[in-house]
file query06.txt (compact mmCIF, C-alpha atoms)
# COMPACT_ATOMS: atom_id res chain seq x y z
CA MET A 295 -20.98 6.44 36.53
CA THR A 296 -22.37 5.27 33.21
CA SER A 297 -20.56 6.56 30.18
CA THR A 298 -23.10 7.51 27.56
CA LEU A 299 -20.51 6.94 24.88
CA SER A 300 -20.90 3.25 25.43
CA SER A 301 -24.61 3.39 26.28
CA PRO A 302 -26.79 1.57 23.82
CA ARG A 303 -29.02 3.81 21.76
CA PRO A 304 -32.49 3.08 20.40
CA THR A 305 -31.52 4.63 17.08
CA GLY A 306 -34.66 3.60 15.23
CA PHE A 307 -36.85 5.11 17.93
CA GLN A 308 -34.74 8.24 17.95
CA GLN A 309 -35.10 8.64 14.19
CA ARG A 310 -38.83 7.95 14.08
CA LEU A 311 -39.63 10.17 17.03
CA GLY A 312 -37.52 12.92 15.54
CA ASP A 313 -39.36 12.64 12.23
CA GLU A 314 -42.74 12.93 13.94
CA LEU A 315 -41.70 15.88 16.03
CA GLU A 316 -40.27 17.62 13.00
CA SER A 317 -43.56 17.07 11.18
CA LEU A 318 -45.45 18.55 14.10
CA ALA A 319 -43.10 21.50 14.15
CA LEU A 320 -43.82 22.02 10.45
CA LEU A 321 -47.55 22.04 11.17
CA THR A 322 -47.05 24.57 13.91
CA SER A 323 -44.88 26.82 11.79
CA VAL A 324 -47.40 26.98 8.98
CA ALA A 325 -50.30 27.45 11.36
CA ALA A 326 -48.45 30.41 12.78
CA GLU A 327 -47.88 31.86 9.30
CA ALA A 328 -51.41 31.26 8.08
CA ARG A 329 -53.06 32.90 11.05
CA PRO A 330 -51.13 36.00 11.93
CA ALA A 331 -54.00 37.57 13.88
CA PRO A 332 -56.13 34.77 15.19
CA ARG A 333 -59.56 35.78 16.41
CA ARG A 334 -59.52 32.96 18.87
CA THR A 335 -56.93 32.97 21.54
CA ARG A 336 -56.80 29.22 21.69
CA THR A 337 -53.25 28.02 21.28
CA VAL A 338 -52.52 25.12 19.02
CA ARG A 339 -52.62 22.26 21.46
CA LEU A 340 -50.50 19.55 20.03
CA ARG A 341 -51.52 17.27 22.82
CA LEU A 342 -55.19 17.16 21.79
CA PRO A 343 -56.01 14.65 19.09
CA LEU A 344 -58.70 16.83 17.52
CA ALA A 345 -56.35 19.78 17.53
CA VAL A 346 -53.88 17.79 15.49
CA ALA A 347 -56.64 17.03 13.03
CA GLY A 348 -57.59 20.67 12.77
CA VAL A 349 -54.20 22.30 12.63
CA ALA A 350 -53.16 23.88 9.38
CA ALA A 351 -50.20 22.19 7.77
CA GLY A 352 -47.85 22.66 4.82
CA VAL A 353 -46.53 25.70 3.08
CA ALA A 354 -47.42 25.17 -0.56
CA ALA A 355 -49.25 22.69 -2.71
CA ALA A 356 -45.87 21.63 -4.10
CA VAL A 357 -44.59 20.47 -0.72
CA ALA A 358 -45.23 16.84 0.07
CA LEU A 359 -47.02 16.84 3.38
CA PRO A 360 -46.80 14.09 5.91
CA VAL A 361 -49.87 12.12 6.80
CA LEU A 362 -50.12 12.31 10.52
CA SER A 363 -51.20 9.04 11.90
CA LEU A 364 -51.93 8.59 15.56
CA PRO A 365 -52.52 4.87 15.90
CA GLY A 366 -53.66 5.38 19.41
CA HIS A 367 -56.58 7.42 18.08
CA GLY A 368 -56.86 6.07 14.56
CA ALA A 369 -57.31 9.38 12.79
CA GLN A 370 -55.57 10.27 9.58
CA THR A 371 -55.25 13.80 8.31
CA ILE A 372 -53.96 15.33 5.12
CA GLY A 373 -53.99 19.05 4.96
CA SER A 374 -52.43 22.41 4.41
CA SER A 375 -53.06 25.91 5.58
CA ALA A 376 -56.06 26.08 3.25
CA TYR A 377 -57.71 22.73 3.85
CA ALA A 378 -57.73 19.54 5.86
CA VAL A 379 -59.36 16.17 5.39
CA THR A 380 -59.49 13.98 8.45
CA LYS A 381 -60.67 10.42 8.48
CA GLU A 382 -61.53 9.48 12.02
CA SER A 383 -61.10 6.01 13.42
CA ASP A 384 -64.84 5.41 13.24
CA GLY A 385 -64.92 6.32 9.55
CA THR A 386 -66.45 9.76 9.91
CA LEU A 387 -64.89 12.62 8.04
CA LEU A 388 -63.98 16.11 9.14
CA LEU A 389 -63.60 18.33 6.11
CA ARG A 390 -62.22 21.83 6.24
CA LEU A 391 -61.80 24.14 3.28
CA ASP A 392 -60.77 27.70 3.95
CA SER A 393 -60.12 29.13 0.52
CA ARG A 394 -60.10 28.59 -3.22
CA ASP A 395 -56.35 28.01 -3.06
CA GLY A 396 -56.98 24.81 -1.18
CA LEU A 397 -59.54 23.31 -3.51
CA GLU A 398 -57.11 21.27 -5.61
CA GLY A 399 -55.24 19.94 -2.61
CA PHE A 400 -58.54 19.28 -0.88
CA GLN A 401 -59.60 17.02 -3.74
CA LYS A 402 -56.27 15.22 -3.76
CA ALA A 403 -56.59 14.61 -0.06
CA LEU A 404 -60.08 13.20 -0.50
CA ASP A 405 -58.76 10.87 -3.18
CA GLU A 406 -55.78 9.80 -1.17
CA LEU A 407 -57.90 8.93 1.84
CA GLY A 408 -60.33 7.02 -0.32
CA VAL A 409 -63.26 9.36 0.27
CA PRO A 410 -65.91 9.04 -2.45
CA ALA A 411 -66.32 12.78 -2.91
CA THR A 412 -65.76 15.42 -5.55
CA ALA A 413 -65.28 19.06 -4.66
CA LEU A 414 -66.08 21.63 -7.31
CA GLU A 415 -66.57 25.35 -7.58
CA PRO A 416 -69.41 26.38 -9.89
CA SER A 417 -68.20 28.01 -13.05
CA ALA A 418 -70.00 30.17 -15.57
CA ALA A 419 -68.00 28.42 -18.28
CA CYS A 420 -69.44 25.04 -17.42
CA THR A 421 -72.01 23.86 -19.93
CA GLU A 422 -72.76 20.51 -18.33
CA PRO A 423 -76.11 20.14 -16.65
CA ARG A 424 -76.01 20.07 -12.90
CA PRO A 425 -76.05 16.42 -11.75
CA GLU A 426 -79.22 15.23 -10.16
CA ALA A 427 -79.11 14.39 -6.51
CA ILE A 428 -80.23 10.90 -5.49
CA PRO A 429 -83.60 11.40 -3.88
CA GLY A 430 -83.69 10.64 -0.22
CA ALA A 431 -80.03 9.78 -0.03
CA SER A 432 -78.45 10.85 3.18
CA THR A 433 -75.42 13.11 2.89
CA GLY A 434 -74.33 11.91 6.28
CA LEU A 435 -73.97 15.53 7.32
CA ARG A 436 -73.45 15.83 11.04
CA GLY A 437 -73.41 18.80 13.30
CA ALA A 438 -70.17 20.46 14.27
CA GLU A 439 -68.54 19.18 17.40
CA LYS A 440 -66.77 21.10 20.06
CA GLY A 441 -63.32 21.91 18.92
CA ASP A 442 -64.07 21.69 15.21
CA PRO A 443 -62.32 24.46 13.31
CA PRO A 444 -64.19 27.09 11.29
CA ASN A 445 -65.22 26.27 7.71
CA SER A 446 -65.48 22.58 8.48
CA VAL A 447 -68.19 19.97 8.15
CA ARG A 448 -68.54 16.51 9.58
CA ILE A 449 -69.77 13.72 7.38
CA ASP A 450 -70.62 10.13 8.12
CA PRO A 451 -70.30 8.30 4.81
CA ASP A 452 -71.75 5.08 6.18
CA GLY A 453 -75.21 6.20 5.12
CA LEU A 454 -74.26 6.72 1.50
CA PRO A 455 -76.02 4.47 -0.98
CA ASP A 456 -73.81 2.08 -2.92
CA ASN A 457 -74.17 4.07 -6.13
CA GLY A 458 -73.88 7.41 -4.39
CA HIS A 459 -71.05 9.90 -4.56
CA LEU A 460 -70.66 12.97 -2.42
CA LEU A 461 -70.69 16.25 -4.32
CA LEU A 462 -69.18 19.14 -2.41
CA THR A 463 -70.12 22.41 -4.01
CA ALA A 464 -67.77 25.13 -2.87
CA GLY A 465 -68.69 28.77 -3.05
CA PHE A 466 -66.03 31.40 -2.37
CA ALA A 467 -66.12 35.07 -1.58
CA PRO A 468 -64.48 37.52 -4.01
CA ASP A 469 -61.24 37.41 -2.00
CA GLY A 470 -61.10 33.64 -2.32
CA ARG A 471 -62.14 32.75 1.19
CA MET A 472 -64.74 30.06 1.76
CA ALA A 473 -68.33 31.25 1.75
CA VAL A 474 -70.50 28.16 1.59
CA LEU A 475 -69.97 24.44 1.23
CA ALA A 476 -72.97 22.47 0.01
CA VAL A 477 -73.10 18.71 0.33
CA SER A 478 -75.26 16.48 -1.84
CA VAL A 479 -75.28 12.89 -3.03
CA VAL A 480 -75.23 12.28 -6.76
CA LYS A 481 -74.98 9.24 -8.96
CA ASP A 482 -73.04 10.79 -11.80
CA ILE A 483 -69.79 12.57 -11.04
CA PRO A 484 -69.62 15.83 -12.95
CA SER A 485 -66.46 17.27 -14.45
CA CYS A 486 -67.68 20.76 -13.71
CA LEU A 487 -70.59 22.60 -12.17
CA PRO A 488 -72.55 25.29 -13.88
CA GLY A 489 -72.46 28.63 -12.11
CA SER A 490 -75.69 29.42 -10.34
CA GLY A 491 -77.07 31.31 -7.45
CA ASP A 492 -78.73 28.38 -5.81
CA ILE A 493 -75.99 27.27 -3.46
CA VAL A 494 -77.69 26.51 -0.22
CA ARG A 495 -75.68 27.17 2.85
CA VAL A 496 -75.55 24.01 4.84
CA LYS A 497 -73.31 25.20 7.62
CA MET B 50 -15.82 10.69 36.33
CA PRO B 51 -17.83 11.87 33.35
CA HIS B 52 -21.26 13.33 33.93
CA PRO B 53 -24.06 11.66 32.01
CA ASP B 54 -24.72 14.67 29.85
CA ARG B 55 -21.15 15.71 29.22
CA HIS B 56 -19.82 13.09 26.92
CA PRO B 57 -18.09 14.33 23.79
CA GLY B 58 -21.05 13.49 21.61
CA SER B 59 -23.44 15.69 23.52
CA GLY B 60 -22.38 18.88 21.83
CA ARG B 61 -21.08 20.29 25.03
CA HIS B 62 -17.82 21.24 23.40
CA ASP B 63 -19.56 22.80 20.41
CA PRO B 64 -19.72 26.55 20.03
CA GLY B 65 -23.25 26.65 21.33
CA PRO B 66 -26.24 24.40 21.85
CA THR B 67 -29.25 24.82 19.61
CA ALA B 68 -32.18 26.60 21.15
CA PRO B 69 -35.60 24.99 20.78
CA SER B 70 -37.88 26.55 18.24
CA ARG B 71 -41.59 26.02 17.78
CA THR B 72 -41.72 27.43 14.28
CA ASP B 73 -38.45 26.19 12.83
CA PRO B 74 -38.72 22.47 12.13
CA ALA B 75 -35.06 22.05 11.25
CA GLY B 76 -34.04 24.02 14.31
CA PHE B 77 -36.20 21.94 16.60
CA ARG B 78 -34.83 18.79 15.02
CA ALA B 79 -31.29 19.96 15.73
CA PHE B 80 -32.25 20.71 19.34
CA TYR B 81 -33.86 17.28 19.59
CA ASP B 82 -30.84 15.44 18.18
CA GLU B 83 -28.48 17.30 20.48
CA ASN B 84 -30.46 16.46 23.57
CA PHE B 85 -32.04 13.08 22.85
CA ASP B 86 -29.39 11.01 24.57
CA ALA B 87 -29.26 13.19 27.65
CA LEU B 88 -33.02 13.22 27.97
CA LEU B 89 -33.16 9.47 27.51
CA GLY B 90 -30.68 9.14 30.35
CA PHE B 91 -32.83 11.40 32.50
CA VAL B 92 -35.85 9.20 31.87
CA THR B 93 -34.13 5.85 32.28
CA ARG B 94 -32.69 6.99 35.58
CA ARG B 95 -36.25 7.25 36.78
CA VAL B 96 -38.26 4.51 35.11
CA ALA B 97 -37.42 0.86 34.64
CA ASP B 98 -39.80 -0.07 31.83
CA PRO B 99 -38.63 0.46 28.22
CA HIS B 100 -42.11 1.16 26.86
CA LEU B 101 -42.84 3.71 29.53
CA ALA B 102 -39.43 5.24 28.93
CA ALA B 103 -40.29 5.64 25.25
CA ASP B 104 -43.66 7.19 26.08
CA LEU B 105 -42.19 9.67 28.51
CA THR B 106 -39.29 10.58 26.23
CA ALA B 107 -41.74 11.36 23.45
CA ASP B 108 -43.99 13.29 25.82
CA VAL B 109 -41.14 15.42 27.09
CA PHE B 110 -40.06 16.45 23.61
CA LEU B 111 -43.66 17.08 22.63
CA ALA B 112 -44.05 19.32 25.67
CA ALA B 113 -40.79 21.01 24.73
CA LEU B 114 -42.11 21.73 21.25
CA GLU B 115 -45.29 23.21 22.69
CA ALA B 116 -43.38 25.34 25.14
CA ALA B 117 -40.47 26.29 22.89
CA ASP B 118 -41.58 29.91 22.82
CA SER B 119 -40.97 30.05 26.56
CA PHE B 120 -37.27 29.26 26.28
CA ASP B 121 -35.14 32.18 27.40
CA PRO B 122 -31.39 31.76 26.83
CA ARG B 123 -30.72 34.27 29.57
CA ARG B 124 -32.06 31.83 32.13
CA GLY B 125 -29.83 28.93 31.16
CA ALA B 126 -28.83 26.42 28.55
CA PRO B 127 -31.42 24.58 26.43
CA ARG B 128 -30.65 21.30 28.15
CA ALA B 129 -31.38 22.68 31.59
CA TRP B 130 -34.63 24.06 30.27
CA LEU B 131 -35.44 20.64 28.81
CA TYR B 132 -34.69 18.94 32.12
CA GLY B 133 -37.12 21.30 33.80
CA ILE B 134 -39.80 20.23 31.37
CA ALA B 135 -38.87 16.60 31.86
CA ARG B 136 -39.30 17.00 35.61
CA ASN B 137 -42.80 18.33 35.11
CA VAL B 138 -43.81 15.66 32.62
CA LEU B 139 -42.55 12.81 34.77
CA SER B 140 -44.05 14.30 37.92
CA GLY B 141 -47.35 14.61 36.16
CA HIS B 142 -47.16 11.02 35.04
CA PHE B 143 -46.46 9.64 38.47
CA ARG B 144 -49.07 11.85 40.03
CA SER B 145 -51.91 11.14 37.66
CA ASN B 146 -54.02 8.06 37.68
CA ALA B 147 -54.48 5.72 34.75
CA ARG B 148 -57.63 7.40 33.49
CA GLU B 149 -56.02 10.79 33.49
CA ARG B 150 -53.07 9.48 31.54
CA ASP B 151 -55.33 7.91 28.95
CA ALA B 152 -57.42 11.07 28.65
CA VAL B 153 -54.51 13.22 27.61
CA ALA B 154 -53.39 12.53 24.11
CA ARG B 155 -49.72 11.87 23.78
CA LEU B 156 -47.43 10.75 21.05
CA ASN B 157 -47.53 7.18 22.38
CA GLY B 158 -43.82 6.86 21.95
CA ARG B 159 -43.87 3.12 22.50
CA ARG B 160 -45.47 2.53 19.10
CA LEU B 161 -42.27 3.85 17.53
CA LEU B 162 -40.16 1.13 19.10
CA ASP B 163 -38.85 -1.85 17.22
CA GLU B 164 -37.25 -4.91 18.76
CA GLU B 165 -33.75 -3.48 18.56
CA ASP B 166 -34.87 -0.28 20.22
CA ILE B 167 -36.46 -2.21 23.07
CA ALA B 168 -33.30 -4.20 23.59
CA ALA B 169 -31.21 -1.03 23.59
CA LEU B 170 -33.56 0.61 26.08
CA GLU B 171 -33.45 -2.40 28.34
CA GLU B 172 -29.68 -2.26 28.34
CA ARG B 173 -29.76 1.43 29.05
CA ILE B 174 -32.24 0.98 31.87
CA ASP B 175 -30.11 -1.75 33.34
CA ALA B 176 -27.06 0.48 33.16
CA GLU B 177 -28.91 3.21 35.04
CA ARG B 178 -30.04 0.96 37.86
CA ALA B 179 -27.56 2.42 40.32
CA ALA B 180 -28.85 5.89 39.59
CA ARG B 181 -32.42 4.80 40.25
CA GLU B 182 -31.39 3.26 43.53
CA LEU B 183 -29.62 6.44 44.47
CA ALA B 184 -32.77 8.38 43.70
CA VAL B 185 -34.71 6.03 45.97
CA ARG B 186 -32.33 6.81 48.76
CA HIS B 187 -33.04 10.48 48.23
CA SER B 188 -36.72 9.85 48.81
CA ALA B 189 -36.09 10.46 52.50
CA LEU B 190 -35.68 14.11 51.61
CA SER B 191 -38.41 16.68 51.22
CA LYS B 192 -39.48 17.40 47.68
CA PRO B 193 -37.53 20.67 47.27
CA LEU B 194 -34.33 19.02 48.48
CA ARG B 195 -34.94 15.85 46.54
CA GLU B 196 -35.44 17.72 43.28
CA VAL B 197 -32.12 19.49 43.63
CA VAL B 198 -30.21 16.42 44.71
CA ASP B 199 -31.60 14.30 41.90
CA LEU B 200 -30.58 16.80 39.27
CA VAL B 201 -27.10 17.21 40.69
CA ALA B 202 -26.18 13.81 42.05
CA VAL B 203 -28.25 11.60 39.75
CA ASP B 204 -28.28 13.58 36.51
CA GLY B 205 -24.93 15.24 36.92
CA LEU B 206 -25.99 18.83 36.44
CA THR B 207 -23.97 21.63 37.92
CA PRO B 208 -25.74 23.74 40.55
CA ARG B 209 -26.09 26.47 37.92
CA GLU B 210 -27.75 24.10 35.49
CA ALA B 211 -29.95 22.67 38.21
CA ALA B 212 -31.03 26.19 39.12
CA ALA B 213 -31.99 26.81 35.50
CA ALA B 214 -33.90 23.54 35.32
CA LEU B 215 -35.79 24.34 38.49
CA GLY B 216 -36.32 27.99 37.73
CA THR B 217 -34.65 29.05 40.94
CA SER B 218 -31.42 30.72 41.98
CA GLN B 219 -28.03 29.10 42.34
CA THR B 220 -27.97 30.20 45.96
CA THR B 221 -31.15 28.30 46.63
CA VAL B 222 -29.73 25.22 44.96
CA ARG B 223 -26.54 25.34 46.99
CA VAL B 224 -28.41 25.83 50.24
CA ARG B 225 -30.63 22.88 49.48
CA LEU B 226 -27.69 20.71 48.52
CA HIS B 227 -26.04 21.55 51.81
CA ARG B 228 -29.16 20.66 53.76
CA ALA B 229 -29.61 17.46 51.80
CA ARG B 230 -26.05 16.41 52.47
CA ARG B 231 -26.56 16.81 56.21
CA ILE B 232 -29.76 14.78 56.15
CA LEU B 233 -28.37 12.02 53.97
CA ARG B 234 -25.37 11.63 56.20
CA ALA B 235 -27.75 10.77 58.99
CA VAL B 236 -29.88 8.41 56.89
CA PRO B 237 -28.82 4.76 56.74
CA ALA B 238 -28.11 3.43 53.25
CA ALA B 239 -31.04 1.02 53.45
CA SER B 240 -33.60 3.39 54.87
CA PRO B 241 -37.11 1.95 55.24
CA ALA B 242 -38.60 5.44 54.98
CA VAL B 243 -38.99 5.62 51.23
CA ARG B 244 -41.65 7.70 49.58
CA ARG B 245 -41.32 6.14 46.15
CA PRO B 246 -41.72 2.51 45.22
CA PRO B 247 -38.38 0.75 45.64
CA ALA B 248 -36.28 0.11 42.60
CA PRO B 249 -35.66 -3.51 41.58
CA VAL B 250 -33.33 -5.13 44.04
CA SER B 251 -29.93 -5.61 42.55
CA THR B 252 -26.29 -5.01 43.25
CA PRO B 253 -24.88 -2.11 41.27
CA SER B 254 -22.01 -3.13 39.08
CA PRO B 255 -18.72 -1.42 39.78
CA THR B 256 -18.86 0.35 36.45
CA THR B 257 -22.21 1.97 37.12
CA ARG B 258 -22.00 2.68 40.82
CA ARG B 259 -22.37 6.32 41.73
CA PRO B 260 -20.45 7.06 44.88
CA GLU B 261 -21.88 9.50 47.39
CA THR B 262 -18.85 11.68 46.75
CA THR B 263 -20.68 12.92 43.66
CA LEU B 264 -22.88 14.98 45.96
CA GLU B 265 -19.98 15.87 48.24
CA THR B 266 -17.57 17.09 45.57
CA THR B 267 -20.24 19.09 43.80
CA LEU B 268 -20.58 21.27 46.87

call {"tool": "encode", "arguments": {"input": "query06.txt", "output": "structure tokens"}}
result
Amino acid sequence: MTSTLSSPRPTGFQQRLGDELESLALLTSVAAEARPAPRRTRTVRLRLPLAVAGVAAGVAAAVALPVLSLPGHGAQTIGSSAYAVTKESDGTLLLRLDSRDGLEGFQKALDELGVPATALEPSAACTEPRPEAIPGASTGLRGAEKGDPPNSVRIDPDGLPDNGHLLLTAGFAPDGRMAVLAVSVVKDIPSCLPGSGDIVRVK
Amino acid sequence: MPHPDRHPGSGRHDPGPTAPSRTDPAGFRAFYDENFDALLGFVTRRVADPHLAADLTADVFLAALEAADSFDPRRGAPRAWLYGIARNVLSGHFRSNARERDAVARLNGRRLLDEEDIAALEERIDAERAARELAVRHSALSKPLREVVDLVAVDGLTPREAAAALGTSQTTVRVRLHRARRILRAVPAASPAVRRPPAPVSTPSPTTRRPETTLETTL
């Protein structure tokens, strides 16, 4: 009988597979913490590629989160329990923002994935004028697909004009949870957004 | 003769194996590290392609992570539980057609292989050739008998562990082993009645040959 002591080991494979599984376990653990009483009974299905994209990940903004890459599907996701930015293999984006706590990480994720977008919450302290939208520019907003998580939007940036930049205006409820997410295309990137009551719900 | 999953490095002499956990990343990693080699042996005793072996190994552990909440230490050791999952994953693979396999997202374990890993897997697969041939011989048995015999004679589990892996009783396992022994005694070594595709034709080396007494002495 073969002695496994002398059996060759694919040590690199063992290490890499272990790292990926540990990352998935981290996603699952935070998803379980973030949603103690899920309204939906759907279990986190690690086997579904879209489920991996939509699963909450991370425990705090200070924790470096792994970028889950599934070469077989081409999607990349950076996220936490409060947000997720997924760049699909065809270039479309699935953006999810659940709460104000995730806004900073959400922006970092957009930057890291090379998405030309700025996410801002209107503020009464902002004295800058609201940037003008580029007339006729497509936001690339697409309808939700089956399996998309709540508080998410799909965007196809291919239709953006060369001088266009996505402006994501985030409106939150008093308890910090996401209320509305408006998408527009602007030429000038603002540093802040003036507080107003004209946020149009786009989803 | 050492069993494949009882070498000193397997943790079998440790105070206790680590239970799988879906919400404890470090705990699941410990479970994974403790059982990787044994699971790899399980897979390479059943498949002869290194890339497929990597895919299935990854799929089994992924399934284990998904199902970790279902582990009950009262029913058996973590490794037996893992072998039960491995049985299901491999059965599903061999049963499904190519389109079904592609439709279900997996970890695609083969993408994690480097050249050294492939070479190591090929060596491991070669070393397990005798076990695969033994499993082919068992294909003359009905599925319930074959499952038990494979776990005991090919994977080296005790009847208790095999019972845990199959989710059945030890009595059932022993009865099936007894029946299998009677049938195999009557089956020629080179039986043409095989249900599975034959393993690559080769002569087992003396160091890897598994004598039939493995099944006999277990009873």

call {"tool": "atom_distance", "arguments": {"input": "query06.txt", "atom1": "atom CA of B:Ala79", "atom2": "atom CA of B:Ser119"}}
result
17.7 Å

call {"tool": "atom_distance", "arguments": {"input": "query06.txt", "atom1": "atom CA of B:Leu111", "atom2": "atom CA of B:Ala126"}}
result
18.5 Å

call {"tool": "residues_around", "arguments": {"input": "query06.txt", "residues": "A:Ala376", "least_positions_apart": "4", "cutoff": "7 Å", "atoms": "only C-alpha atoms", "output": "mmCIF file with C-alpha atoms, in the frame of the given file"}}
result
data_model
loop_
_atom_site.group_PDB
_atom_site.id
_atom_site.type_symbol
_atom_site.label_atom_id
_atom_site.label_comp_id
_atom_site.auth_asym_id
_atom_site.auth_seq_id
_atom_site.Cartn_x
_atom_site.Cartn_y
_atom_site.Cartn_z
ATOM 1 C CA LEU A 391 -61.800 24.140 3.280
ATOM 2 C CA ASP A 392 -60.770 27.700 3.950
ATOM 3 C CA SER A 393 -60.120 29.130 0.520
ATOM 4 C CA ASP A 395 -56.350 28.010 -3.060
ATOM 5 C CA GLY A 396 -56.980 24.810 -1.180
#

call {"tool": "axis_aligned_box", "arguments": {"input": "query06.txt", "around": "stretch 157-165 of chain B", "padding_each_side": "6 Å", "output": "JSON"}}
result
{"center_x": -40.6, "center_y": 1.1, "center_z": 19.9, "size_x": 25.8, "size_y": 24.1, "size_z": 17.3}

call {"tool": "residues_around", "arguments": {"input": "query06.txt", "residues": "A:Leu404", "least_positions_apart": "4", "cutoff": "12 Å", "atoms": "only C-alpha atoms", "output": "VMD selection string"}}
result
chain A and resid 370 to 373 377 to 381 387 to 391 397 to 400 408 to 413 460 to 462

call {"tool": "atom_distance", "arguments": {"input": "query06.txt", "atom1": "atom CA of B:Leu200", "atom2": "atom CA of B:Arg124"}}
result
16.7 Å

call {"tool": "closest_residue", "arguments": {"input": "query06.txt", "among": "B:Thr217, B:Phe120, B:Leu156, B:Leu101", "to": "chain A", "atoms": "all atoms listed in the file"}}
result
B:Leu156

call {"tool": "closest_residue", "arguments": {"input": "query06.txt", "among": "B:Ile167, B:Val96, B:Leu131, B:Pro122", "to": "chain A", "atoms": "only C-alpha atoms"}}
result
B:Ile167

call {"tool": "build_atoms", "arguments": {"input": "query06.txt", "residues": "stretch 171-189 of chain B", "atoms": "N, CA and C atoms", "output": "short mmCIF file (atom, residue, chain, number, x, y, z; two decimals), in the frame of the given file"}}
result
data_model
loop_
_atom_site.label_atom_id
_atom_site.label_comp_id
_atom_site.auth_asym_id
_atom_site.auth_seq_id
_atom_site.Cartn_x
_atom_site.Cartn_y
_atom_site.Cartn_z
N GLU B 171 -33.60 -1.52 27.18
CA GLU B 171 -33.45 -2.40 28.34
C GLU B 171 -32.02 -2.38 28.85
N GLU B 172 -31.08 -2.36 27.93
CA GLU B 172 -29.68 -2.26 28.34
C GLU B 172 -29.41 -0.94 29.03
N ARG B 173 -29.97 0.11 28.47
CA ARG B 173 -29.76 1.43 29.05
C ARG B 173 -30.38 1.51 30.44
N ILE B 174 -31.56 0.98 30.58
CA ILE B 174 -32.24 0.98 31.87
C ILE B 174 -31.44 0.17 32.88
N ASP B 175 -30.92 -0.93 32.45
CA ASP B 175 -30.11 -1.75 33.34
C ASP B 175 -28.85 -1.00 33.78
N ALA B 176 -28.27 -0.27 32.84
CA ALA B 176 -27.06 0.48 33.16
C ALA B 176 -27.34 1.61 34.15
N GLU B 177 -28.56 2.10 34.16
CA GLU B 177 -28.91 3.21 35.04
C GLU B 177 -29.51 2.75 36.36
N ARG B 178 -29.41 1.49 36.64
CA ARG B 178 -30.04 0.96 37.86
C ARG B 178 -29.48 1.63 39.11
N ALA B 179 -28.18 1.82 39.13
CA ALA B 179 -27.56 2.42 40.32
C ALA B 179 -28.11 3.82 40.55
N ALA B 180 -28.32 4.53 39.46
CA ALA B 180 -28.85 5.89 39.59
C ALA B 180 -30.27 5.86 40.16
N ARG B 181 -31.04 4.89 39.72
CA ARG B 181 -32.42 4.80 40.25
C ARG B 181 -32.40 4.45 41.73
N GLU B 182 -31.48 3.62 42.11
CA GLU B 182 -31.39 3.26 43.53
C GLU B 182 -30.94 4.45 44.35
N LEU B 183 -30.05 5.23 43.77
CA LEU B 183 -29.62 6.44 44.47
C LEU B 183 -30.80 7.39 44.64
N ALA B 184 -31.60 7.50 43.62
CA ALA B 184 -32.77 8.38 43.70
C ALA B 184 -33.74 7.88 44.77
N VAL B 185 -33.83 6.58 44.93
CA VAL B 185 -34.71 6.03 45.97
C VAL B 185 -34.20 6.44 47.33
N ARG B 186 -32.91 6.43 47.47
CA ARG B 186 -32.33 6.81 48.76
C ARG B 186 -32.65 8.28 49.06
N HIS B 187 -32.74 9.07 48.04
CA HIS B 187 -33.04 10.48 48.23
C HIS B 187 -34.51 10.70 48.61
N SER B 188 -35.30 9.67 48.52
CA SER B 188 -36.72 9.85 48.81
C SER B 188 -36.97 10.20 50.27
N ALA B 189 -35.95 10.05 51.10
CA ALA B 189 -36.09 10.46 52.50
C ALA B 189 -36.11 11.98 52.63
#
